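Heads up, run37.cif below (mmCIF, C-alpha atoms):
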data_input
#
loop_
_atom_site.label_atom_id
_atom_site.label_comp_id
_atom_site.auth_asym_id
_atom_site.auth_seq_id
_atom_site.Cartn_x
_atom_site.Cartn_y
_atom_site.Cartn_z
CA MET A 1 -71.71 14.78 -3.48
CA ARG A 2 -70.86 11.97 -1.06
CA VAL A 3 -72.68 9.50 -3.30
CA LEU A 4 -70.66 10.71 -6.30
CA ARG A 5 -67.40 10.24 -4.41
CA TYR A 6 -68.52 6.78 -3.34
CA ALA A 7 -69.42 5.95 -6.95
CA ARG A 8 -66.01 7.14 -8.09
CA ARG A 9 -64.24 4.93 -5.55
CA ARG A 10 -66.34 1.91 -6.46
CA THR A 11 -65.63 2.47 -10.15
CA LEU A 12 -61.89 2.54 -9.45
CA PHE A 13 -62.14 -1.07 -8.24
CA LEU A 14 -63.44 -2.24 -11.62
CA PRO A 15 -60.00 -2.66 -13.29
CA VAL A 16 -58.80 -4.80 -10.37
CA GLY A 17 -61.89 -6.97 -10.56
CA LEU A 18 -61.63 -7.24 -14.33
CA LEU A 19 -57.98 -8.30 -14.11
CA SER A 20 -58.99 -11.02 -11.64
CA VAL A 21 -61.66 -12.22 -14.08
CA ILE A 22 -59.11 -12.27 -16.93
CA VAL A 23 -56.64 -14.36 -14.94
CA LEU A 24 -59.39 -16.69 -13.72
CA ALA A 25 -60.79 -17.14 -17.23
CA PHE A 26 -57.39 -18.03 -18.66
CA LEU A 27 -56.47 -20.47 -15.89
CA LEU A 28 -59.86 -22.20 -15.80
CA VAL A 29 -60.04 -22.68 -19.55
CA ASN A 30 -56.51 -24.00 -19.82
CA ALA A 31 -57.21 -26.43 -16.97
CA LEU A 32 -59.95 -28.12 -19.02
CA PRO A 33 -59.10 -31.77 -19.79
CA GLY A 34 -58.57 -32.74 -23.39
CA ASN A 35 -56.65 -31.43 -26.37
CA PRO A 36 -58.47 -28.97 -28.67
CA ALA A 37 -56.20 -29.98 -31.53
CA GLY A 38 -57.32 -33.59 -31.16
CA VAL A 39 -60.99 -32.56 -31.19
CA ILE A 40 -60.48 -30.47 -34.32
CA ALA A 41 -58.40 -33.04 -36.18
CA GLY A 42 -60.49 -36.07 -35.26
CA PRO A 43 -59.45 -39.52 -34.02
CA ALA A 44 -57.78 -40.51 -37.30
CA ALA A 45 -55.28 -37.62 -37.28
CA SER A 46 -51.58 -38.40 -37.35
CA PRO A 47 -49.12 -36.97 -34.79
CA THR A 48 -47.76 -34.67 -37.51
CA GLU A 49 -51.22 -33.26 -38.19
CA LEU A 50 -51.85 -32.76 -34.49
CA ALA A 51 -48.55 -30.95 -34.09
CA GLU A 52 -49.36 -28.67 -37.03
CA ILE A 53 -52.77 -27.75 -35.59
CA GLU A 54 -51.23 -27.08 -32.17
CA ARG A 55 -48.61 -24.84 -33.79
CA ARG A 56 -51.25 -22.95 -35.79
CA LEU A 57 -53.39 -22.37 -32.70
CA GLY A 58 -50.43 -21.49 -30.49
CA LEU A 59 -51.04 -24.45 -28.18
CA ASP A 60 -47.41 -25.54 -28.45
CA GLN A 61 -46.23 -22.46 -26.54
CA PRO A 62 -45.60 -22.45 -22.76
CA LEU A 63 -48.55 -21.42 -20.60
CA TRP A 64 -46.96 -18.15 -19.45
CA GLU A 65 -46.19 -17.14 -23.04
CA ARG A 66 -49.77 -17.83 -24.10
CA PHE A 67 -51.01 -15.71 -21.17
CA VAL A 68 -48.80 -12.78 -22.16
CA THR A 69 -50.05 -13.05 -25.74
CA TYR A 70 -53.64 -13.19 -24.47
CA LEU A 71 -53.15 -10.04 -22.37
CA ASP A 72 -51.50 -8.22 -25.26
CA ASN A 73 -54.42 -9.08 -27.54
CA LEU A 74 -56.95 -7.98 -24.91
CA VAL A 75 -55.29 -4.59 -24.58
CA ARG A 76 -55.78 -4.16 -28.33
CA GLY A 77 -59.42 -5.24 -28.08
CA ASP A 78 -58.79 -8.63 -29.70
CA LEU A 79 -60.46 -11.55 -27.93
CA GLY A 80 -59.22 -14.01 -30.52
CA SER A 81 -61.16 -16.07 -33.04
CA SER A 82 -63.20 -19.24 -32.72
CA TYR A 83 -61.34 -22.45 -33.56
CA TYR A 84 -64.34 -23.67 -35.57
CA THR A 85 -66.04 -20.67 -37.20
CA ASP A 86 -62.92 -18.46 -37.39
CA ARG A 87 -65.18 -15.55 -36.45
CA PRO A 88 -63.85 -12.95 -33.99
CA ILE A 89 -65.02 -13.76 -30.46
CA LEU A 90 -66.20 -10.19 -29.92
CA ASP A 91 -68.51 -10.53 -32.92
CA GLU A 92 -69.81 -13.84 -31.54
CA ILE A 93 -70.53 -12.24 -28.16
CA LEU A 94 -72.38 -9.34 -29.77
CA ARG A 95 -74.31 -11.84 -31.87
CA PHE A 96 -75.49 -14.09 -29.03
CA ALA A 97 -75.66 -11.75 -26.02
CA PRO A 98 -78.85 -9.83 -27.01
CA ALA A 99 -80.92 -13.03 -26.95
CA THR A 100 -79.75 -13.80 -23.42
CA LEU A 101 -80.20 -10.22 -22.22
CA GLU A 102 -83.75 -10.23 -23.56
CA LEU A 103 -84.51 -13.50 -21.76
CA VAL A 104 -82.86 -12.33 -18.53
CA PHE A 105 -84.74 -9.00 -18.51
CA LEU A 106 -88.14 -10.62 -19.07
CA SER A 107 -87.50 -13.45 -16.59
CA LEU A 108 -86.16 -11.16 -13.88
CA THR A 109 -89.14 -8.83 -14.29
CA LEU A 110 -91.59 -11.73 -13.90
CA ALA A 111 -89.60 -13.16 -10.98
CA ALA A 112 -89.61 -9.80 -9.18
CA LEU A 113 -93.33 -9.19 -9.68
CA LEU A 114 -94.34 -12.71 -8.66
CA GLY A 115 -91.80 -13.10 -5.86
CA ILE A 116 -92.29 -9.69 -4.25
CA GLY A 117 -96.05 -10.19 -4.46
CA LEU A 118 -95.88 -13.57 -2.71
CA GLY A 119 -93.43 -12.30 -0.11
CA THR A 120 -95.56 -9.23 0.61
CA LEU A 121 -98.70 -11.34 0.95
CA GLY A 122 -97.02 -13.65 3.44
CA ALA A 123 -95.46 -10.84 5.47
CA TYR A 124 -98.60 -8.70 5.56
CA ARG A 125 -100.86 -11.64 6.45
CA ARG A 126 -98.32 -13.23 8.77
CA GLY A 127 -99.62 -16.24 10.67
CA THR A 128 -102.75 -16.60 8.53
CA VAL A 129 -103.79 -19.09 5.87
CA ALA A 130 -102.51 -16.67 3.21
CA ASP A 131 -99.07 -16.70 4.84
CA ARG A 132 -98.92 -20.49 5.00
CA THR A 133 -100.18 -20.80 1.43
CA SER A 134 -97.61 -18.35 0.06
CA ARG A 135 -94.80 -20.12 1.90
CA PHE A 136 -95.94 -23.48 0.54
CA VAL A 137 -95.99 -22.07 -3.01
CA VAL A 138 -92.54 -20.51 -2.58
CA THR A 139 -91.09 -23.74 -1.17
CA THR A 140 -92.55 -25.66 -4.10
CA PHE A 141 -91.08 -23.23 -6.63
CA GLN A 142 -87.65 -23.40 -4.99
CA SER A 143 -87.56 -27.19 -4.65
CA ILE A 144 -88.12 -27.91 -8.36
CA PRO A 145 -84.92 -27.75 -10.47
CA ASP A 146 -85.19 -25.23 -13.28
CA PHE A 147 -84.51 -27.79 -16.03
CA PHE A 148 -87.21 -30.11 -14.66
CA LEU A 149 -89.64 -27.19 -14.46
CA ALA A 150 -88.84 -26.39 -18.10
CA LEU A 151 -89.60 -29.95 -19.19
CA LEU A 152 -92.77 -29.99 -17.09
CA LEU A 153 -94.04 -26.75 -18.65
CA ILE A 154 -93.26 -28.05 -22.14
CA TYR A 155 -95.23 -31.22 -21.41
CA LEU A 156 -98.21 -29.40 -19.88
CA LEU A 157 -98.49 -26.22 -21.96
CA PHE A 158 -97.20 -27.46 -25.32
CA TYR A 159 -97.79 -31.21 -25.51
CA LEU A 160 -101.04 -31.58 -23.52
CA ALA A 161 -102.78 -28.20 -23.71
CA GLY A 162 -101.29 -26.83 -26.95
CA TRP A 163 -101.29 -23.32 -25.50
CA ALA A 164 -97.60 -22.65 -26.21
CA PRO A 165 -95.59 -23.20 -29.41
CA ALA A 166 -92.93 -25.88 -29.77
CA PRO A 167 -89.60 -25.09 -28.06
CA VAL A 168 -87.71 -24.63 -31.34
CA GLY A 169 -86.11 -21.26 -30.67
CA ARG A 170 -87.05 -17.62 -30.46
CA LEU A 171 -89.27 -17.83 -33.57
CA GLY A 172 -91.19 -20.52 -35.42
CA LEU A 173 -89.41 -22.56 -38.07
CA MET A 174 -91.28 -20.75 -40.85
CA ASP A 175 -90.94 -17.23 -39.40
CA GLU A 176 -88.54 -14.70 -40.89
CA PRO A 177 -86.57 -12.67 -38.32
CA PRO A 178 -86.83 -8.88 -38.54
CA PRO A 179 -83.89 -6.70 -39.65
CA THR A 180 -81.28 -6.73 -36.89
CA VAL A 181 -81.02 -3.47 -34.97
CA THR A 182 -80.46 -4.48 -31.36
CA GLY A 183 -80.43 -8.28 -31.67
CA ALA A 184 -83.45 -8.54 -29.34
CA LEU A 185 -86.27 -9.98 -31.45
CA LEU A 186 -89.11 -8.36 -29.52
CA LEU A 187 -87.60 -4.91 -29.82
CA ASP A 188 -86.42 -5.35 -33.42
CA SER A 189 -89.83 -6.57 -34.57
CA LEU A 190 -91.48 -3.54 -32.96
CA LEU A 191 -88.96 -1.17 -34.52
CA SER A 192 -89.61 -2.69 -37.95
CA GLY A 193 -93.39 -2.67 -37.43
CA ASP A 194 -93.62 -6.44 -38.00
CA MET A 195 -96.40 -7.35 -35.57
CA GLY A 196 -96.68 -10.92 -36.86
CA THR A 197 -93.06 -11.60 -35.92
CA PHE A 198 -93.57 -9.77 -32.62
CA ARG A 199 -96.50 -12.02 -31.70
CA SER A 200 -94.48 -15.10 -32.64
CA ALA A 201 -91.53 -13.92 -30.55
CA VAL A 202 -93.81 -13.28 -27.57
CA ALA A 203 -95.38 -16.74 -27.90
CA HIS A 204 -92.01 -18.49 -28.12
CA SER A 205 -90.67 -16.58 -25.10
CA VAL A 206 -93.55 -17.63 -22.82
CA LEU A 207 -92.17 -21.02 -21.76
CA PRO A 208 -88.54 -20.03 -21.05
CA VAL A 209 -89.60 -16.82 -19.30
CA LEU A 210 -92.15 -18.72 -17.21
CA THR A 211 -89.51 -21.29 -16.29
CA LEU A 212 -86.91 -18.82 -15.08
CA GLY A 213 -89.48 -16.39 -13.67
CA ILE A 214 -91.19 -19.03 -11.54
CA TYR A 215 -87.93 -20.57 -10.37
CA TYR A 216 -86.22 -17.31 -9.36
CA SER A 217 -89.40 -15.77 -7.92
CA ALA A 218 -88.89 -18.02 -4.89
CA TYR A 219 -85.67 -16.17 -4.04
CA PHE A 220 -87.36 -12.78 -4.37
CA ALA A 221 -90.24 -14.02 -2.19
CA ARG A 222 -87.98 -15.26 0.60
CA SER A 223 -85.92 -12.06 0.57
CA THR A 224 -89.07 -9.91 0.61
CA TYR A 225 -90.64 -11.89 3.44
CA ALA A 226 -87.48 -11.88 5.55
CA SER A 227 -87.01 -8.11 5.26
CA LEU A 228 -90.64 -6.93 5.15
CA ALA A 229 -92.04 -8.95 8.07
CA PRO A 230 -89.77 -7.28 10.69
CA ALA A 231 -90.33 -3.89 9.04
CA LEU A 232 -94.11 -4.24 9.44
CA GLU A 233 -93.57 -4.79 13.18
CA SER A 234 -91.12 -1.90 13.64
CA LYS A 235 -91.75 1.16 15.82
CA GLN A 236 -91.98 3.41 12.76
CA VAL A 237 -94.80 1.36 11.26
CA GLU A 238 -96.60 1.15 14.61
CA PHE A 239 -96.40 4.94 14.88
CA ALA A 240 -97.69 5.33 11.32
CA ARG A 241 -100.69 3.14 12.11
CA ALA A 242 -101.32 4.98 15.38
CA SER A 243 -101.30 8.24 13.43
CA GLY A 244 -104.23 7.00 11.37
CA LEU A 245 -102.42 6.62 8.06
CA ARG A 246 -103.94 4.36 5.42
CA GLU A 247 -102.63 0.79 5.19
CA ARG A 248 -101.30 1.48 1.70
CA THR A 249 -99.17 4.31 3.10
CA VAL A 250 -98.07 2.16 6.03
CA LEU A 251 -97.01 -0.61 3.65
CA ALA A 252 -95.06 1.92 1.59
CA TYR A 253 -93.16 3.00 4.73
CA ALA A 254 -92.36 -0.63 5.51
CA PHE A 255 -91.11 -1.17 1.97
CA ARG A 256 -88.72 1.75 2.34
CA GLN A 257 -87.08 -0.12 5.21
CA ALA A 258 -87.07 -3.46 3.38
CA ARG A 259 -86.01 -2.38 -0.11
CA THR A 260 -82.23 -2.63 0.38
CA PRO A 261 -82.12 -6.44 0.88
CA ILE A 262 -84.59 -6.91 -1.99
CA LEU A 263 -82.48 -4.77 -4.34
CA THR A 264 -79.33 -6.59 -3.26
CA TYR A 265 -80.91 -9.96 -3.95
CA GLY A 266 -82.13 -8.70 -7.31
CA GLY A 267 -78.56 -7.84 -8.28
CA ILE A 268 -77.35 -11.28 -7.21
CA LEU A 269 -80.07 -12.97 -9.26
CA LEU A 270 -79.23 -10.80 -12.28
CA ALA A 271 -75.62 -11.95 -12.10
CA ALA A 272 -76.76 -15.56 -11.67
CA LEU A 273 -79.03 -15.36 -14.71
CA LEU A 274 -76.36 -13.84 -16.97
CA GLY A 275 -74.36 -17.04 -16.90
CA GLY A 276 -76.82 -19.46 -15.34
CA ALA A 277 -79.55 -19.55 -17.98
CA ALA A 278 -77.46 -21.80 -20.24
CA ILE A 279 -79.38 -25.02 -19.55
CA ILE A 280 -82.74 -23.34 -20.14
CA GLU A 281 -81.45 -21.77 -23.35
CA THR A 282 -80.34 -25.19 -24.55
CA ILE A 283 -83.68 -26.84 -23.71
CA PHE A 284 -85.61 -24.19 -25.63
CA SER A 285 -83.02 -23.83 -28.45
CA TRP A 286 -82.86 -20.15 -27.56
CA GLY A 287 -79.63 -19.45 -29.41
CA GLY A 288 -78.27 -17.23 -26.68
CA PHE A 289 -75.05 -16.55 -24.84
CA GLY A 290 -75.28 -19.54 -22.52
CA GLU A 291 -76.11 -22.06 -25.23
CA TRP A 292 -73.16 -20.78 -27.26
CA ALA A 293 -70.92 -21.23 -24.20
CA ILE A 294 -72.04 -24.84 -23.66
CA ASP A 295 -71.35 -25.68 -27.31
CA SER A 296 -67.93 -24.03 -27.03
CA ILE A 297 -67.05 -26.00 -23.90
CA LEU A 298 -68.03 -29.30 -25.51
CA GLN A 299 -65.86 -28.44 -28.53
CA LEU A 300 -62.94 -27.21 -26.38
CA ASP A 301 -63.12 -23.89 -28.23
CA ILE A 302 -60.75 -22.12 -25.83
CA PRO A 303 -61.07 -18.52 -27.17
CA ALA A 304 -64.87 -18.76 -27.11
CA VAL A 305 -64.98 -20.09 -23.54
CA GLN A 306 -62.54 -17.40 -22.41
CA GLY A 307 -64.69 -14.78 -24.10
CA PHE A 308 -67.81 -16.09 -22.37
CA ILE A 309 -66.21 -16.04 -18.91
CA LEU A 310 -64.76 -12.58 -19.53
CA ALA A 311 -68.06 -11.13 -20.78
CA ALA A 312 -70.13 -12.75 -18.03
CA GLY A 313 -67.62 -11.64 -15.40
CA LEU A 314 -67.58 -8.07 -16.71
CA GLY A 315 -71.39 -8.01 -16.73
CA THR A 316 -71.45 -9.25 -13.14
CA LEU A 317 -68.91 -6.64 -12.03
CA LEU A 318 -70.88 -3.84 -13.67
CA ALA A 319 -74.16 -5.10 -12.19
CA PHE A 320 -72.75 -5.27 -8.65
CA THR A 321 -71.08 -1.87 -8.97
CA ALA A 322 -74.30 -0.25 -10.18
CA LEU A 323 -76.20 -2.02 -7.40
CA ASP A 324 -73.81 -0.76 -4.70
CA ILE A 325 -74.12 2.81 -5.97
CA LEU A 326 -77.93 2.56 -6.15
CA VAL A 327 -78.19 1.16 -2.62
CA ALA A 328 -75.86 3.88 -1.34
CA ALA A 329 -78.05 6.53 -2.94
CA LEU A 330 -81.31 5.09 -1.55
CA ASP A 331 -80.24 3.94 1.91
CA PRO A 332 -78.94 6.63 4.31
CA ARG A 333 -77.53 3.91 6.58
CA VAL A 334 -74.79 3.08 4.06
CA ARG A 335 -71.35 4.34 5.10
CA TYR A 336 -69.33 6.14 2.41
CA ASP A 337 -65.89 5.88 4.01
#

Here is the file; what I need is its structure written in the form of structure tokens.
Amino acid sequence: MRVLRYARRRTLFLPVGLLSVIVLAFLLVNALPGNPAGVIAGPAASPTELAEIERRLGLDQPLWERFVTYLDNLVRGDLGSSYYTDRPILDEILRFAPATLELVFLSLTLAALLGIGLGTLGAYRRGTVADRTSRFVVTTFQSIPDFFLALLLIYLLFYLAGWAPAPVGRLGLMDEPPPTVTGALLLDSLLSGDMGTFRSAVAHSVLPVLTLGIYYSAYFARSTYASLAPALESKQVEFARASGLRERTVLAYAFRQARTPILTYGGILLAALLGGAAIIETIFSWGGFGEWAIDSILQLDIPAVQGFILAAGLGTLLAFTALDILVAALDPRVRYD
């Protein structure tokens, strides 16, 4: 019951956090340099044409009046429409978000498996060659920028070895996408029974997933090492070993002590990936949420950029809230007051 009350209190903070994200999104976007009307009209537009576009888009109104209008539209579930496609922003988000969520889920899974494995190896074999080797690998992973790692993998696995397909998107240029159910190609191709498309989607996801998985595994590895190494030297683990328990059981006890920092770091990395995979999406022509946001920023598409910040902020708030509740349920040391 205490966990439920804690979850209720944490959930009550969501509206406050969401309002902060809304205000931040509006102020940041309207602080961008440049005039969207000038970008839309082009360099040859006359002052009269610019004024007409500004009036049509509402850019001629005072900032406070535009903010009130924005809030009123949000209350009614209207995020506005794109300046360029005239499509509702909510439809655009629902169109691009599944591709990013698919990439984030696969990358975070690989990062957790690889990173926790490396961190566990180093902590369990502390002071040995295995420990030094794992730390060297982790340092190497963390020191390479993700965009450079992406280009390196493209050069090695696509250009030289030919093991991976060209980075032209989520499918090959000649592949037909499956009927849209969830927007995630891997899941939709399985639901439609199209195994050819499924294999193509898996092949085209290898390079971006490897890039993000390798890069972010370093953070999982460092968090695992930092929390598991002291746990393996704790009195509880010493007592478990003295009691004659198997090493697998001893390691499981140590993980119970170390899991809270690892889970917390996983939530932080999830939030970072939701909005931070944009460069990788652009390199691999992924057609996801982040790539759409970059295009919108370059075009000064204010409603689209506001929608991206709002959606990414809401996703981050929900992820952190769920993480806090999960940690509170698993860790008896968490205070509920």

Can you tell me, as an mmCIF file with C-alpha atoms, in the frame of the given file, which residues sit within 12 Å of (-95.3, -27.0, -14.2) in the file's frame, using all atoms listed in the file?
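Writing the result to out.cif gives the following:
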data_model
loop_
_atom_site.group_PDB
_atom_site.id
_atom_site.type_symbol
_atom_site.label_atom_id
_atom_site.label_comp_id
_atom_site.auth_asym_id
_atom_site.auth_seq_id
_atom_site.Cartn_x
_atom_site.Cartn_y
_atom_site.Cartn_z
ATOM 1 C CA THR A 140 -92.550 -25.660 -4.100
ATOM 2 C CA PHE A 141 -91.080 -23.230 -6.630
ATOM 3 C CA ILE A 144 -88.120 -27.910 -8.360
ATOM 4 C CA PRO A 145 -84.920 -27.750 -10.470
ATOM 5 C CA ASP A 146 -85.190 -25.230 -13.280
ATOM 6 C CA PHE A 147 -84.510 -27.790 -16.030
ATOM 7 C CA PHE A 148 -87.210 -30.110 -14.660
ATOM 8 C CA LEU A 149 -89.640 -27.190 -14.460
ATOM 9 C CA ALA A 150 -88.840 -26.390 -18.100
ATOM 10 C CA LEU A 151 -89.600 -29.950 -19.190
ATOM 11 C CA LEU A 152 -92.770 -29.990 -17.090
ATOM 12 C CA LEU A 153 -94.040 -26.750 -18.650
ATOM 13 C CA ILE A 154 -93.260 -28.050 -22.140
ATOM 14 C CA TYR A 155 -95.230 -31.220 -21.410
ATOM 15 C CA LEU A 156 -98.210 -29.400 -19.880
ATOM 16 C CA LEU A 157 -98.490 -26.220 -21.960
ATOM 17 C CA PHE A 158 -97.200 -27.460 -25.320
ATOM 18 C CA LEU A 160 -101.040 -31.580 -23.520
ATOM 19 C CA LEU A 207 -92.170 -21.020 -21.760
ATOM 20 C CA PRO A 208 -88.540 -20.030 -21.050
ATOM 21 C CA LEU A 210 -92.150 -18.720 -17.210
ATOM 22 C CA THR A 211 -89.510 -21.290 -16.290
ATOM 23 C CA LEU A 212 -86.910 -18.820 -15.080
ATOM 24 C CA ILE A 214 -91.190 -19.030 -11.540
ATOM 25 C CA TYR A 215 -87.930 -20.570 -10.370
#

Between atom CA of A:Leu310 and atom CA of A:Val68 lies a distance of 16.2 Å

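The nearest approach to A:Pro177 among the residues A:Ile93, A:Ala201, A:Ala161, A:Leu113, with only C-alpha atoms taken into account, belongs to A:Ala201.
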
Residues matched by the PyMOL selection byres ((chain A and resi 316-321) around 8), written as a VMD selection string: chain A and resid 10 to 11 14 17 to 18 267 to 268 270 to 271 274 312 to 315 322 to 325

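Listed by chain and then by number, the residues chosen by the PyMOL selection byres ((chain A and resi 185) around 9) in this file are Pro98, Ala99, Glu102, Arg170, Leu171, Pro177, Pro178, Thr180, Thr182, Gly183, Ala184, Leu186, Leu187, Asp188, Ser189, Leu190, Thr197, Phe198 and Ala201 of chain A.
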
Applied to this file, what does the PyMOL selection byres ((chain A and resi 296-302) around 10) return in terms of residues, put as a PyMOL selection string? chain A and resi 25-26+29-30+32-40+80-85+290-295+303-308

**Asked** How many Å lie between atom CA of A:Glu233 and atom CA of A:Gly127, rounded to one decimal?
**Response**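 Interatomic distance here is 13.2 Å.
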
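For the pair atom CA of A:Tyr216 and atom CA of A:Ala111, the separation is 5.6 Å.
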
Residue with the minimum atom-to-atom distance to A:Arg256, picked from A:Val75, A:Arg55, A:Ala97, A:Leu330 with only C-alpha atoms counted, is A:Leu330

Counting all atoms listed in the file, the residue among A:Glu52, A:Pro43, A:Gly193, A:His204 that lies closest to A:Asp175 is A:His204

From the list A:Leu245, A:Ile116, A:Val168, A:Val16, which residue is nearest A:Ala218 when using only C-alpha atoms?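 Among the listed residues, the smallest separation from A:Ala218 belongs to A:Ile116.
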
Subject >> For A:Tyr70, the nearest of the candidates A:Leu114, A:Ala311, A:Ile22, A:Tyr225, counting all atoms listed in the file >> reply: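 Closest candidate: A:Ile22.
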
**Message:** Ranking A:Ser217, A:Thr249, A:Ser227, A:Thr128 by minimum distance to A:Ala112 and counting only C-alpha atoms, which one comes first?
**Reply:**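 Ranking A:Ser217, A:Thr249, A:Ser227, A:Thr128 by distance to A:Ala112, first place goes to A:Ser217.
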
Centre, edges in Å (one decimal): axis-aligned box, stretch 104-120 of chain A, 8 Å padding on all six sides, as lines of an AutoDock Vina configuration file:
center_x = -89.5
center_y = -11.2
center_z = -9.2
size_x = 29.2
size_y = 20.7
size_z = 35.7

(request) Tell me which protein, DNA and RNA residues are within 12 Å of stretch 118-124 of chain A, counting all atoms listed in the file, leaving out same-chain ones fewer than 3 positions away, and put them as a VMD selection string. (result) chain A and resid 111 to 115 127 to 139 141 214 217 to 233 247 to 248 250 to 252 254 to 255 258 to 259 262
